[in-house]
Structure formats: structure tokens, C-alpha cells
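Trainee: My structure is stored as my_file-v3.txt, with compact mmCIF, C-alpha atoms.
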```
# COMPACT_ATOMS: atom_id res chain seq x y z
CA MET A 1 74.37 70.57 62.91
CA THR A 2 71.37 72.53 63.99
CA ASP A 3 70.95 75.17 66.57
CA VAL A 4 67.37 75.68 67.53
CA SER A 5 66.90 79.21 68.72
CA LEU A 6 63.98 80.48 66.76
CA GLU A 7 61.18 79.76 69.16
CA PHE A 8 62.65 81.78 72.02
CA ASP A 9 62.29 85.55 71.87
CA HIS A 10 65.63 86.78 73.18
CA ALA A 11 64.83 90.45 72.62
CA ALA A 12 61.60 90.15 74.61
CA ALA A 13 63.49 88.41 77.43
CA LEU A 14 65.99 91.28 77.56
CA ALA A 15 63.20 93.85 77.59
CA LYS A 16 61.62 92.06 80.57
CA CYS A 17 64.99 91.89 82.35
CA ALA A 18 65.30 95.64 81.84
CA ARG A 19 61.93 96.00 83.60
CA GLY A 20 63.23 93.97 86.53
CA GLU A 21 61.41 90.67 85.93
CA HIS A 22 63.50 87.87 87.44
CA ASP A 23 61.46 85.25 85.60
CA ALA A 24 62.69 86.53 82.26
CA LEU A 25 66.30 85.98 83.26
CA HIS A 26 65.41 82.53 84.51
CA GLN A 27 63.71 81.62 81.22
CA LEU A 28 66.73 82.87 79.32
CA TYR A 29 68.95 80.79 81.58
CA VAL A 30 66.81 77.69 81.12
CA TYR A 31 66.84 78.18 77.38
CA GLU A 32 70.45 79.19 76.76
CA GLY A 33 72.31 78.19 79.96
CA ALA A 34 73.68 74.91 78.58
CA ARG A 35 74.78 76.52 75.32
CA LEU A 36 76.37 79.45 77.16
CA LEU A 37 78.21 77.10 79.49
CA GLY A 38 79.35 75.01 76.51
CA VAL A 39 80.72 78.07 74.74
CA VAL A 40 82.48 79.34 77.87
CA ILE A 41 83.98 75.96 78.81
CA ARG A 42 85.58 75.65 75.38
CA ILE A 43 87.28 78.99 75.99
CA VAL A 44 88.36 78.73 79.63
CA LYS A 45 88.81 74.93 79.77
CA ASP A 46 87.84 74.79 83.42
CA ARG A 47 84.36 73.83 84.55
CA GLY A 48 84.37 75.76 87.84
CA MET A 49 85.63 78.92 86.24
CA ALA A 50 83.16 78.50 83.37
CA GLU A 51 80.21 78.32 85.78
CA ASP A 52 81.51 81.44 87.51
CA ILE A 53 81.62 83.21 84.19
CA VAL A 54 78.08 82.15 83.27
CA HIS A 55 77.02 83.43 86.71
CA ASP A 56 78.70 86.76 86.02
CA ALA A 57 77.34 86.86 82.48
CA CYS A 58 73.78 86.45 83.76
CA LEU A 59 74.23 89.27 86.26
CA ASN A 60 75.86 91.37 83.58
CA ILE A 61 73.01 90.69 81.14
CA TRP A 62 70.50 91.55 83.85
CA GLN A 63 72.28 94.75 84.77
CA ARG A 64 72.87 95.90 81.21
CA ALA A 65 69.64 94.69 79.60
CA ASP A 66 68.34 98.24 79.39
CA SER A 67 71.33 99.24 77.28
CA PHE A 68 70.56 96.62 74.63
CA ASP A 69 69.46 98.33 71.43
CA PRO A 70 67.66 96.02 68.98
CA SER A 71 68.43 98.39 66.11
CA LYS A 72 72.13 97.60 66.53
CA GLY A 73 72.02 93.83 66.39
CA SER A 74 70.24 90.69 67.52
CA ALA A 75 69.58 90.01 71.18
CA ARG A 76 71.07 86.53 70.94
CA ALA A 77 74.36 87.87 69.53
CA TRP A 78 74.42 90.45 72.32
CA ILE A 79 73.80 87.82 75.02
CA PHE A 80 76.51 85.51 73.75
CA SER A 81 78.94 88.38 73.28
CA VAL A 82 78.58 89.28 76.96
CA ALA A 83 79.50 85.74 78.04
CA ARG A 84 82.25 85.26 75.47
CA HIS A 85 84.01 88.53 76.27
CA LEU A 86 83.90 87.82 80.00
CA ALA A 87 85.48 84.44 79.24
CA LEU A 88 88.08 85.92 76.88
CA ASN A 89 89.04 88.68 79.30
CA ALA A 90 89.31 86.11 82.08
CA ILE A 91 91.71 83.83 80.22
CA ARG A 92 93.80 86.72 78.92
CA TYR A 93 93.91 88.06 82.48
CA ARG A 94 94.87 84.65 83.85
CA ASP A 95 97.58 84.23 81.24
CA ARG A 96 98.90 87.76 81.40
CA GLU A 97 102.10 86.33 82.76
CA ILE A 98 102.55 83.57 80.28
CA ASN A 99 103.64 80.55 82.15
CA PHE A 100 104.87 77.94 79.77
CA ALA A 101 105.39 75.50 82.62
CA ASN A 102 101.72 74.71 82.65
CA ASP A 103 100.93 75.99 79.24
CA PRO A 104 97.30 75.53 78.24
CA ALA A 105 98.89 74.32 75.02
CA ASP A 106 99.48 70.99 76.76
CA GLU A 107 95.79 70.58 77.25
CA LEU A 108 95.16 71.59 73.69
CA ALA A 109 97.56 69.00 72.41
CA GLN A 110 95.31 66.39 73.97
CA ASP A 111 92.22 67.95 72.54
CA GLU A 112 91.25 65.67 69.73
CA HIS A 113 89.62 68.48 67.82
CA PHE A 114 92.84 70.34 67.92
CA GLN A 115 94.96 67.56 66.56
CA HIS A 116 93.03 67.77 63.36
CA ALA A 117 92.87 71.51 63.33
CA TYR A 118 95.67 72.29 61.00
CA VAL A 119 95.63 69.49 58.57
CA ALA A 120 94.06 70.52 55.35
CA GLU A 121 90.86 68.60 56.05
CA GLU A 122 87.88 69.80 57.94
CA ALA A 123 88.61 70.12 61.63
CA PHE A 124 84.98 69.86 62.52
CA ASP A 125 81.50 70.03 61.21
CA TRP A 126 81.24 73.74 60.89
CA GLN A 127 78.53 74.32 58.33
CA THR A 128 75.58 76.11 59.85
CA GLY A 129 73.45 76.80 56.83
CA GLN A 130 74.20 80.52 57.13
CA ARG A 131 75.51 82.80 54.43
CA MET A 132 78.82 83.01 56.24
CA ASP A 133 79.39 79.32 55.39
CA SER A 134 80.01 80.05 51.76
CA CYS A 135 82.38 82.86 52.67
CA LEU A 136 84.34 80.62 55.01
CA GLU A 137 84.37 78.01 52.28
CA GLN A 138 86.33 80.36 50.07
CA LEU A 139 89.18 80.49 52.58
CA GLU A 140 91.99 77.95 52.43
CA PRO A 141 91.13 75.12 54.87
CA GLU A 142 94.02 75.82 57.25
CA ARG A 143 93.09 79.49 57.47
CA ARG A 144 89.44 78.65 57.97
CA ASN A 145 90.44 76.31 60.77
CA CYS A 146 92.58 79.02 62.37
CA VAL A 147 89.66 81.42 62.35
CA LEU A 148 87.12 78.94 63.68
CA HIS A 149 89.48 77.63 66.34
CA ALA A 150 90.29 81.12 67.47
CA TYR A 151 86.57 81.80 67.80
CA VAL A 152 85.53 78.55 69.45
CA ASP A 153 88.58 77.87 71.63
CA GLY A 154 89.59 81.44 72.39
CA LEU A 155 93.13 80.98 71.09
CA SER A 156 95.60 83.85 71.02
CA HIS A 157 97.88 84.50 68.04
CA ALA A 158 100.73 82.95 70.01
CA GLU A 159 98.77 79.79 70.75
CA ILE A 160 97.80 79.37 67.12
CA SER A 161 101.41 79.95 66.12
CA ALA A 162 102.65 77.39 68.65
CA HIS A 163 100.30 74.76 67.29
CA THR A 164 100.57 75.36 63.61
CA GLY A 165 104.30 75.89 63.73
CA ALA A 166 103.67 78.95 61.58
CA PRO A 167 105.58 82.07 62.64
CA LEU A 168 103.62 84.57 64.72
CA GLY A 169 103.73 87.20 61.99
CA THR A 170 102.33 84.74 59.48
CA VAL A 171 99.46 83.78 61.78
CA LYS A 172 98.61 87.44 62.37
CA ALA A 173 98.65 88.14 58.63
CA TRP A 174 96.53 85.03 57.89
CA ILE A 175 93.88 85.99 60.34
CA LYS A 176 93.73 89.61 59.37
CA ARG A 177 93.53 88.78 55.70
CA SER A 178 90.93 86.09 56.31
CA LEU A 179 88.78 88.53 58.27
CA LEU A 180 88.97 91.15 55.56
CA ARG A 181 88.03 88.57 52.93
CA LEU A 182 85.12 87.39 55.05
CA ARG A 183 83.89 90.91 55.51
CA GLU A 184 84.11 91.61 51.80
CA CYS A 185 82.29 88.38 51.04
CA MET A 186 79.49 89.17 53.51
CA ALA A 187 79.08 92.74 52.25
CA MET B 188 97.14 105.59 60.54
CA THR B 189 94.82 108.47 61.27
CA ARG B 190 91.92 108.01 63.60
CA PRO B 191 88.70 108.69 61.67
CA SER B 192 86.09 110.87 63.32
CA GLN B 193 82.92 109.24 64.62
CA HIS B 194 80.94 109.98 61.51
CA ASP B 195 83.39 108.57 59.05
CA GLN B 196 83.58 105.03 57.94
CA ILE B 197 86.20 103.24 59.97
CA SER B 198 89.40 102.02 58.41
CA GLU B 199 89.99 98.53 57.12
CA ASP B 200 92.44 98.03 59.98
CA ASP B 201 89.72 98.80 62.48
CA HIS B 202 87.33 96.37 60.83
CA ALA B 203 90.00 93.70 61.16
CA LEU B 204 90.72 94.75 64.75
CA ALA B 205 87.01 94.48 65.58
CA GLY B 206 87.01 91.02 64.02
CA GLU B 207 90.04 89.96 66.07
CA TYR B 208 88.37 91.26 69.22
CA VAL B 209 85.36 89.06 68.54
CA LEU B 210 87.50 86.07 67.56
CA GLY B 211 89.46 86.52 70.78
CA THR B 212 93.00 86.57 69.41
CA LEU B 213 93.95 89.91 71.00
CA SER B 214 96.04 90.25 74.15
CA LEU B 215 94.49 91.65 77.33
CA THR B 216 96.09 95.04 76.70
CA GLN B 217 94.79 95.17 73.13
CA ARG B 218 91.35 94.07 74.29
CA GLU B 219 91.26 96.77 76.96
CA ALA B 220 92.43 99.40 74.47
CA LEU B 221 89.62 98.46 72.09
CA GLU B 222 87.02 98.32 74.88
CA ALA B 223 88.10 101.81 75.95
CA ARG B 224 87.43 103.13 72.44
CA LEU B 225 83.99 101.52 72.08
CA PRO B 226 81.88 103.99 74.11
CA ASN B 227 83.04 106.91 71.94
CA GLU B 228 83.17 105.24 68.55
CA PRO B 229 79.76 104.09 67.37
CA GLU B 230 81.16 102.93 64.02
CA LEU B 231 83.61 100.66 65.79
CA GLN B 232 80.75 99.35 67.95
CA LYS B 233 78.83 98.58 64.77
CA ALA B 234 81.81 96.77 63.32
CA VAL B 235 82.12 94.67 66.50
CA MET B 236 78.41 93.82 66.50
CA ALA B 237 78.59 92.87 62.83
CA TRP B 238 81.34 90.36 63.63
CA GLU B 239 79.36 89.05 66.60
CA GLU B 240 76.46 88.37 64.25
CA ARG B 241 78.63 86.77 61.59
CA PHE B 242 80.31 84.35 63.97
CA LEU B 243 77.39 83.63 66.31
CA PRO B 244 76.14 80.60 64.32
CA TYR B 245 79.51 78.91 64.92
CA THR B 246 78.92 78.76 68.67
CA ALA B 247 76.89 75.70 67.63
CA ILE B 248 80.23 73.90 67.09
CA THR B 249 80.50 73.61 70.86
CA THR B 250 78.68 70.96 72.85
CA ARG B 251 75.97 72.02 75.25
CA VAL B 252 76.96 71.50 78.89
CA THR B 253 74.17 71.37 81.45
CA PRO B 254 75.02 73.69 84.34
CA SER B 255 75.18 72.22 87.83
CA ASP B 256 72.02 72.44 89.94
CA TYR B 257 73.70 75.07 92.12
CA LEU B 258 74.30 77.61 89.41
CA TRP B 259 70.84 79.12 89.07
CA PRO B 260 70.25 79.42 92.85
CA ARG B 261 73.61 81.15 93.06
CA ILE B 262 72.68 83.60 90.30
CA GLU B 263 69.38 84.30 91.99
CA ARG B 264 71.08 84.88 95.31
CA SER B 265 73.53 87.33 93.71
CA LEU B 266 70.63 89.12 92.03
CA LYS B 267 68.91 89.56 95.36
CA VAL B 268 72.08 90.78 97.07
CA ARG B 269 72.51 93.30 94.29
CA GLU B 270 68.92 94.50 94.44
CA GLU B 271 69.12 94.75 98.20
CA LYS B 272 72.18 96.96 97.89
CA ALA B 273 70.51 99.02 95.20
CA ARG B 274 67.50 99.55 97.44
CA GLU B 275 69.69 100.57 100.36
CA ALA B 276 71.57 102.98 98.14
CA SER B 277 68.38 104.54 96.80
CA THR B 278 66.90 104.84 100.29
CA LYS B 279 70.00 106.73 101.35
CA ARG B 280 69.56 109.00 98.41
CA ALA B 281 65.82 109.30 98.88
CA GLY B 282 64.50 112.75 98.15
CA SER B 283 67.55 113.77 96.18
CA VAL B 284 68.30 112.49 92.71
CA ASN B 285 66.09 109.81 91.30
CA ASN B 286 68.80 107.67 89.84
CA PRO B 287 67.95 104.01 89.43
CA PRO B 288 71.05 102.22 90.67
CA ARG B 289 70.62 99.13 88.56
CA SER B 290 71.31 101.05 85.39
CA ARG B 291 74.83 101.48 86.64
CA ARG B 292 77.00 99.40 84.43
CA MET B 293 79.28 96.72 85.64
CA ARG B 294 82.78 97.21 84.45
CA HIS B 295 83.26 94.97 81.51
CA SER B 296 86.83 94.14 82.43
CA LEU B 297 85.81 92.67 85.75
CA PRO B 298 85.58 88.99 84.96
CA LEU B 299 88.28 87.49 87.06
CA TRP B 300 87.59 89.64 90.04
CA ARG B 301 84.13 88.22 89.92
CA GLY B 302 85.13 85.06 88.16
CA ALA B 303 87.67 82.79 89.74
CA ALA B 304 86.56 83.75 93.20
CA GLY B 305 83.16 82.19 93.16
CA PHE B 306 84.00 78.53 93.61
CA GLY B 307 84.22 78.47 97.34
CA LEU B 308 80.73 79.14 98.55
CA ALA B 309 79.73 75.64 99.59
CA ALA B 310 83.26 74.87 100.68
CA ALA B 311 83.36 78.05 102.73
CA LEU B 312 80.25 77.08 104.63
CA VAL B 313 81.59 73.61 105.31
CA MET B 314 84.97 75.01 106.32
CA GLY B 315 83.26 77.58 108.47
CA VAL B 316 81.64 74.89 110.53
CA MET B 317 84.84 72.91 110.71
CA LEU B 318 87.00 75.83 111.71
CA THR B 319 84.73 77.19 114.37
CA ASN B 320 84.87 73.77 115.95
CA GLU B 321 88.63 73.56 115.79
CA LEU B 322 89.76 77.03 116.70
CA THR B 323 90.01 77.76 120.35
CA GLU B 324 88.66 81.28 120.25
CA PRO B 325 84.93 81.12 120.87
CA THR B 326 84.21 84.33 118.97
CA THR B 327 81.90 83.76 116.05
CA PRO B 328 83.31 85.19 112.86
CA GLU B 329 80.93 87.37 110.93
CA TYR B 330 82.62 86.65 107.62
CA MET B 331 84.57 83.78 106.26
CA VAL B 332 86.62 83.52 103.08
CA VAL B 333 88.27 80.39 101.77
CA LEU B 334 91.06 81.19 99.34
CA LEU B 335 91.48 78.54 96.68
CA ALA B 336 94.22 77.91 94.16
CA PRO B 337 92.56 78.68 90.81
CA GLN B 338 94.21 75.78 89.00
CA THR B 339 93.67 72.96 91.48
CA GLN B 340 90.80 74.53 93.43
CA SER B 341 92.42 73.35 96.63
CA ALA B 342 92.02 75.55 99.69
CA GLY B 343 95.24 77.33 100.71
CA TRP B 344 94.19 80.01 103.18
CA VAL B 345 91.19 81.09 105.19
CA VAL B 346 90.26 84.63 106.13
CA GLN B 347 88.21 85.00 109.27
CA ALA B 348 86.67 88.26 110.33
CA SER B 349 85.45 88.61 113.87
CA SER B 350 84.34 92.13 113.07
CA ARG B 351 83.98 94.09 109.88
CA GLN B 352 87.22 95.93 110.63
CA GLU B 353 89.51 93.12 111.67
CA ILE B 354 90.52 90.03 109.79
CA GLU B 355 92.86 87.13 110.28
CA LEU B 356 94.53 85.34 107.40
CA ILE B 357 95.22 81.75 108.34
CA PRO B 358 97.32 79.38 106.22
CA LEU B 359 95.97 75.87 105.68
CA GLY B 360 99.28 74.60 104.37
CA THR B 361 102.62 75.78 103.11
CA PHE B 362 103.36 77.52 99.88
CA GLU B 363 106.68 77.56 98.07
CA VAL B 364 107.50 81.14 97.10
CA PRO B 365 110.05 81.29 94.26
CA GLU B 366 113.34 83.12 94.89
CA GLY B 367 112.94 86.90 94.63
CA LYS B 368 109.14 86.71 94.82
CA ALA B 369 106.56 87.31 97.53
CA LEU B 370 102.85 86.77 98.13
CA GLU B 371 100.85 89.97 98.19
CA PHE B 372 97.39 90.10 99.72
CA TRP B 373 94.59 92.10 98.05
CA THR B 374 90.95 92.83 98.57
CA LYS B 375 88.20 94.37 96.50
CA ALA B 376 84.51 94.87 97.23
CA ASP B 377 82.00 94.70 94.38
CA GLU B 378 81.67 98.43 94.00
CA TRP B 379 85.35 99.33 94.19
CA GLN B 380 87.13 100.30 91.02
CA ALA B 381 90.31 98.44 91.83
CA PRO B 382 91.76 96.07 94.41
CA VAL B 383 93.61 97.43 97.42
CA SER B 384 96.84 95.90 98.73
CA LEU B 385 96.81 94.56 102.27
CA GLY B 386 100.55 94.01 102.13
CA LEU B 387 102.93 91.09 101.77
CA VAL B 388 102.33 87.88 103.67
CA GLU B 389 104.65 85.12 104.85
CA PRO B 390 103.64 81.68 103.59
CA GLY B 391 102.62 79.39 106.44
CA GLN B 392 102.25 82.30 108.91
CA PRO B 393 98.89 83.50 110.22
CA ILE B 394 98.51 87.25 110.25
CA ARG B 395 95.96 89.48 111.91
CA MET B 396 95.22 92.90 110.48
CA ARG B 397 92.91 95.82 111.02
CA LEU B 398 91.17 97.35 108.02
CA ASP B 399 90.78 100.80 109.52
CA GLN B 400 91.64 102.52 106.27
CA LEU B 401 89.02 100.59 104.33
CA PRO B 402 85.22 100.54 104.25
CA PRO B 403 83.72 97.81 106.46
CA LEU B 404 83.99 94.31 105.11
CA GLU B 405 80.98 93.28 103.06
CA ASP B 406 79.38 90.15 101.74
CA ASN B 407 80.96 88.84 98.54
CA GLN B 408 84.09 90.96 99.01
CA LEU B 409 86.99 89.52 97.08
CA PHE B 410 90.32 88.48 98.58
CA GLU B 411 93.30 87.18 96.66
CA LEU B 412 96.98 86.44 96.96
CA THR B 413 99.15 87.12 93.94
CA LEU B 414 102.78 86.36 93.31
CA GLU B 415 104.71 89.61 93.03
CA ASP B 416 108.33 90.75 93.21
CA GLU B 417 109.70 90.48 96.74
CA THR B 418 109.14 94.16 97.43
CA GLY B 419 105.52 93.90 96.33
CA SER B 420 103.78 95.12 93.20
CA ALA B 421 105.34 98.33 91.96
CA THR B 422 102.13 99.52 90.33
CA GLY B 423 99.88 99.29 93.39
CA LEU B 424 97.75 96.80 91.48
CA PRO B 425 98.19 93.05 91.20
CA THR B 426 100.48 92.22 88.30
CA GLY B 427 101.50 88.62 88.96
CA PRO B 428 99.52 85.39 88.72
CA ILE B 429 96.73 84.74 91.19
CA GLU B 430 97.78 81.99 93.58
CA PHE B 431 94.72 81.99 95.86
CA ILE B 432 91.36 83.66 95.53
CA GLY B 433 88.00 83.69 97.32
CA ARG B 434 85.01 85.75 98.34
CA ALA B 435 83.64 86.71 101.73
CA VAL B 436 80.56 84.86 102.89
CA GLU B 437 78.48 86.25 105.71
CA ILE B 438 78.00 83.68 108.42
```
The structure in this file should be written as C-alpha cells.
Mentor:
Amino acid sequence: MTDVSLEFDHAAALAKCARGEHDALHQLYVYEGARLLGVVIRIVKDRGMAEDIVHDACLNIWQRADSFDPSKGSARAWIFSVARHLALNAIRYRDREINFANDPADELAQDEHFQHAYVAEEAFDWQTGQRMDSCLEQLEPERRNCVLHAYVDGLSHAEISAHTGAPLGTVKAWIKRSLLRLRECMA
Amino acid sequence: MTRPSQHDQISEDDHALAGEYVLGTLSLTQREALEARLPNEPELQKAVMAWEERFLPYTAITTRVTPSDYLWPRIERSLKVREEKAREASTKRAGSVNNPPRSRRMRHSLPLWRGAAGFGLAAALVMGVMLTNELTEPTTPEYMVVLLAPQTQSAGWVVQASSRQEIELIPLGTFEVPEGKALEFWTKADEWQAPVSLGLVEPGQPIRMRLDQLPPLEDNQLFELTLEDETGSATGLPTGPIEFIGRAVEI
């Protein structure tokens, strides 16, 4: 699994957006649009809504580009965080009255990735060649899968609990402990 | 748990909370609570950014999806609308404070207000043509909104505005309202902080209303119908699920 992102200068694109250059946003869109849409679709599970969110993310990136501070993190992480948090807020907003009649869980049950998520094997090819890989590797497979599925599919504690059959409290404790172990490992 | 001051290291709990925020496991309320803390807590911001960096490589697990050909033109159009507005606003303020309007931040918690509503642009234009042919009144509406069901994306209602102060909400079909519930009608323009209730509506019944209390209708203004208790939302803000949603298109 490779993710080519080295040849595009995300920070420079943001700096140009901050100066009001439309072309810079367009180049960013051409370069990252398909990846952004892919990330957002996995979270919201609705193509139309996902395109709306990428639309909003682009406007948001444009509007807030001048607040990006390269000393605080990478431009690419910042760009993806804008889109992901719009998507996460949107699904949490949509589901704020949990309606189990058309539970997104039904869709997840048909998601082939998901069916393998909680067996003790690898749910997907997750190794990226980054340092974080070895930290994730130290987690028990089912906990690693919980963490990665939460990140990629935007699952809530309750959704993870419903699918693993593990009690809500257990899921919360798993995730919290996994995060603290990851942080320690990355330190 | 005591809240550390800005200069202190943040607690282990907050590191985990920042991680959960980035993972996405938190509820809307928890997310909003954390987002409200961020502007004043630089250490918490750092913790969030650190998690963003750690997890970013795993976005590569997802498959790339090529956006439709309409998406970029739509973004560009929205950019222009926004810049136009910013220019108007700065012209109005000319001579006073030199305050570049585009540095104004969008509210981060805005997604669905901007989100689910966008689908209907092409449909709205098509419907606009269709409806002006069908309706007997020869007045040309200035604005048109098609309200779609977010799940099925089927059109349920149309809003027509023959002026910027008067609208008509027209049902395109029927809608089954559960016992003890009602449909409440809301609107929100881009710059407003929160949606405003336009009252309860009867499914299947057209209703005409004047918006005298509100600023004139504008392009891209959001309209939605949510399912609330039969007396309407007690909080003055939508609390129930969105049944229909759409944005105003200038015709």
C-alpha cells in the first residue's frame, strides 16, 4: 500500500489559498480530491452527502488557509482533518436521534471489510511503512482493528460495541487504553 | 479531574480524549464540548494535531473515489458567491475598519447545514422549469428550493419565492407523520448563527408565508423540515431528524 503525496507541496498550496489564488485550491483539489472523497465516503456512506462534504471542506480550507500554522503540524494532516471532522460532525448530527430502524449497522454488516474486522486476523492491509505501524503491531489484533475501523469508518463506541458484541464499557476501555499505549509507543 | 492551565502539560485523559476526537468515536455533544475547548487550550490543540499526524497515513486504507465532474464547478461557484459577498460587505464598510472578510472563520460545526442541502442544484433548475410550466400563476419566482429526503434523495417539497419576503411551501407528495409528532419548517442563511423556525407545517398542504421578521431571502439559503414533537421543538432549534432539506437557488 503506497500513498504518493511527496511531490505535492501542501503547505505552499495553503499559503497561496491564503493569498486568494483560486488556482492553488484547484491544484489541491486535483491532487487530493479523489483521496478526500474516498476518506469521506467511508465515513458518511453516502456519495451525495460525501461530495457535499468535500465541497464544504474545500471552502473551509480556502477560508481558513491563513490560520494554518506550519509549526503546529503538516499541511496534509490539517487538510484531511478539516474534511474528516466535517464528515464526523455530519454523521453524528444525522444520527443524534439514533434510529435503529434504519441503523447504519445494517449497511456495515454487508460491508465485507467489516465482517472480518473483529476476527483475530488482519482486517485489512494497514501497514503504511510509518513508525506508527510498529506501535499498532503491539496492540492485540482485535483492538488494533477497533482503532483502525473507528478511524477509517467513523464508528462510534456504540457501533463498535454492537458489532463486536463487546459491552460498551469494554469498548471504551479498549480504545482508551490502546490510544494511551500508542501515544507512549510514539513518544 | 482538575483542568490544567494552558501552560501545563495536559492530563492523560485529555490525550486520550484528543485521540478519540480524531478517531471519531465521540458523540456529537462530546465533539462539540472538545471543539469549544480548543481555541483556549493550545496544549489540547497540539494533542489533537499529534493524533491527526499519527493516523493520517491510515487514510490510505480507503479507496480513492473520483469526484463527479460537477463538483469542482460547484466549489468554484460557491467561492465566487462568497467572494462577491465579501466584496459587498467590505464596500459597505469602506472607509471604516479595514477588516478582510474572508478571514472570518466558518463555524466548524456547520457541516450538515451546509452538507446535506447541496444535492439539489441541478434538480432544482430542472424542477424550476417544470414547475413554472405547470403552475397557473405567471409570476416568475426569484428563488426556488427543492427539499429532498436526505436518505433517498427524493424530492418532497418545493419552496417558491415570488419575492424575497414571501415564500410558498408546496408539497410534492404526502408524508406520514408519526403519532405525537409534527413537521417543523426551518431556514438559515449562510451567515446566520442558527436556524430560525418558520413554524409547523401540515403534510400534503401548501402554505404561503411572509418572512417580514427575517432578512431578505438570499442565494444558497438553507431550508429544512425536521420531525419534532407535535407542539414543535421546545428548544427553538431543530432537535429531531431532518426529513427534507434544500438550498435556495436564484432563478
Trainee: Quick one: residues within 12 Å of segment 13-22 of chain A, only C-alpha atoms counted, chain neighbours fewer than 6 positions away excluded, as a PyMOL selection string?
Mentor: (chain A and resi 28-32+58-70+74-76+78-79) or (chain B and resi 259+262-267+270+287+289-290)
Trainee: Store the residues picked out above, limited to C-alpha atoms, as a short mmCIF file (atom, residue, chain, number, x, y, z; two decimals), in the coordinates of the input.
Mentor:
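The result, stored in selection-v9.cif:
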```cif
data_model
loop_
_atom_site.label_atom_id
_atom_site.label_comp_id
_atom_site.auth_asym_id
_atom_site.auth_seq_id
_atom_site.Cartn_x
_atom_site.Cartn_y
_atom_site.Cartn_z
CA LEU A 28 66.73 82.87 79.32
CA TYR A 29 68.95 80.79 81.58
CA VAL A 30 66.81 77.69 81.12
CA TYR A 31 66.84 78.18 77.38
CA GLU A 32 70.45 79.19 76.76
CA CYS A 58 73.78 86.45 83.76
CA LEU A 59 74.23 89.27 86.26
CA ASN A 60 75.86 91.37 83.58
CA ILE A 61 73.01 90.69 81.14
CA TRP A 62 70.50 91.55 83.85
CA GLN A 63 72.28 94.75 84.77
CA ARG A 64 72.87 95.90 81.21
CA ALA A 65 69.64 94.69 79.60
CA ASP A 66 68.34 98.24 79.39
CA SER A 67 71.33 99.24 77.28
CA PHE A 68 70.56 96.62 74.63
CA ASP A 69 69.46 98.33 71.43
CA PRO A 70 67.66 96.02 68.98
CA SER A 74 70.24 90.69 67.52
CA ALA A 75 69.58 90.01 71.18
CA ARG A 76 71.07 86.53 70.94
CA TRP A 78 74.42 90.45 72.32
CA ILE A 79 73.80 87.82 75.02
CA TRP B 259 70.84 79.12 89.07
CA ILE B 262 72.68 83.60 90.30
CA GLU B 263 69.38 84.30 91.99
CA ARG B 264 71.08 84.88 95.31
CA SER B 265 73.53 87.33 93.71
CA LEU B 266 70.63 89.12 92.03
CA LYS B 267 68.91 89.56 95.36
CA GLU B 270 68.92 94.50 94.44
CA PRO B 287 67.95 104.01 89.43
CA ARG B 289 70.62 99.13 88.56
CA SER B 290 71.31 101.05 85.39
#
```
Trainee: For chain A versus chain B, which residues have an atom no more than 6 Å away, and what is each residue's nearest atom pair and distance in Å rounded to one decimal, using all atoms listed in the file, chain-then-number order, as JSON lines?
Mentor:
```
{"residue": "A:Ala34", "atom": "CA", "partner": "B:Thr253", "partner_atom": "CA", "distance": 4.6}
{"residue": "A:Arg35", "atom": "CA", "partner": "B:Arg251", "partner_atom": "CA", "distance": 4.7}
{"residue": "A:Leu37", "atom": "CA", "partner": "B:Val252", "partner_atom": "CA", "distance": 5.8}
{"residue": "A:Gly38", "atom": "CA", "partner": "B:Arg251", "partner_atom": "CA", "distance": 4.7}
{"residue": "A:Val39", "atom": "CA", "partner": "B:Thr249", "partner_atom": "CA", "distance": 5.9}
{"residue": "A:Met49", "atom": "CA", "partner": "B:Ala303", "partner_atom": "CA", "distance": 5.6}
{"residue": "A:Asp52", "atom": "CA", "partner": "B:Gly302", "partner_atom": "CA", "distance": 5.2}
{"residue": "A:Ile53", "atom": "CA", "partner": "B:Gly302", "partner_atom": "CA", "distance": 5.6}
{"residue": "A:His55", "atom": "CA", "partner": "B:Ile262", "partner_atom": "CA", "distance": 5.6}
{"residue": "A:Ala77", "atom": "CA", "partner": "B:Glu240", "partner_atom": "CA", "distance": 5.7}
{"residue": "A:Leu86", "atom": "CA", "partner": "B:Pro298", "partner_atom": "CA", "distance": 5.4}
{"residue": "A:Ala90", "atom": "CA", "partner": "B:Leu299", "partner_atom": "CA", "distance": 5.3}
{"residue": "A:Arg92", "atom": "CA", "partner": "B:Leu215", "partner_atom": "CA", "distance": 5.2}
{"residue": "A:Ala150", "atom": "CA", "partner": "B:Leu210", "partner_atom": "CA", "distance": 5.7}
{"residue": "A:Tyr151", "atom": "CA", "partner": "B:Leu210", "partner_atom": "CA", "distance": 4.4}
{"residue": "A:Gly154", "atom": "CA", "partner": "B:Gly211", "partner_atom": "CA", "distance": 5.3}
{"residue": "A:Leu155", "atom": "CA", "partner": "B:Thr212", "partner_atom": "CA", "distance": 5.8}
{"residue": "A:Ser156", "atom": "CA", "partner": "B:Thr212", "partner_atom": "CA", "distance": 4.1}
{"residue": "A:His157", "atom": "CA", "partner": "B:Thr212", "partner_atom": "CA", "distance": 5.5}
{"residue": "A:Lys176", "atom": "CA", "partner": "B:Ala203", "partner_atom": "CA", "distance": 5.8}
```
Trainee: What is the atom CA of Val345 of chain B to atom CA of Val436 of chain B distance in Å?
Mentor: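 Going from atom CA of Val345 of chain B over to atom CA of Val436 of chain B, I get 11.5 Å.
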Trainee: Quote the spacing between atom CA of Glu430 of chain B and atom CA of Lys45 of chain A in Å to one decimal place.
Mentor: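 Computing the Euclidean distance for atom CA of Glu430 of chain B and atom CA of Lys45 of chain A yields 17.9 Å.
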Trainee: Work out how far atom CA of Arg47 of chain A is from atom CA of Ala87 of chain A, in Å to one decimal.
Mentor: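 Value for the atom CA of Ala87 of chain A-atom CA of Arg47 of chain A distance: 11.9 Å.
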Trainee: Looking at all atoms listed in the file, which of A:Val152, A:Leu179, A:Ala11, A:Ala158 is the one that sits closest to Lys72 of chain A?
Mentor: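 So, comparing all the options, the nearest one is A:Ala11.
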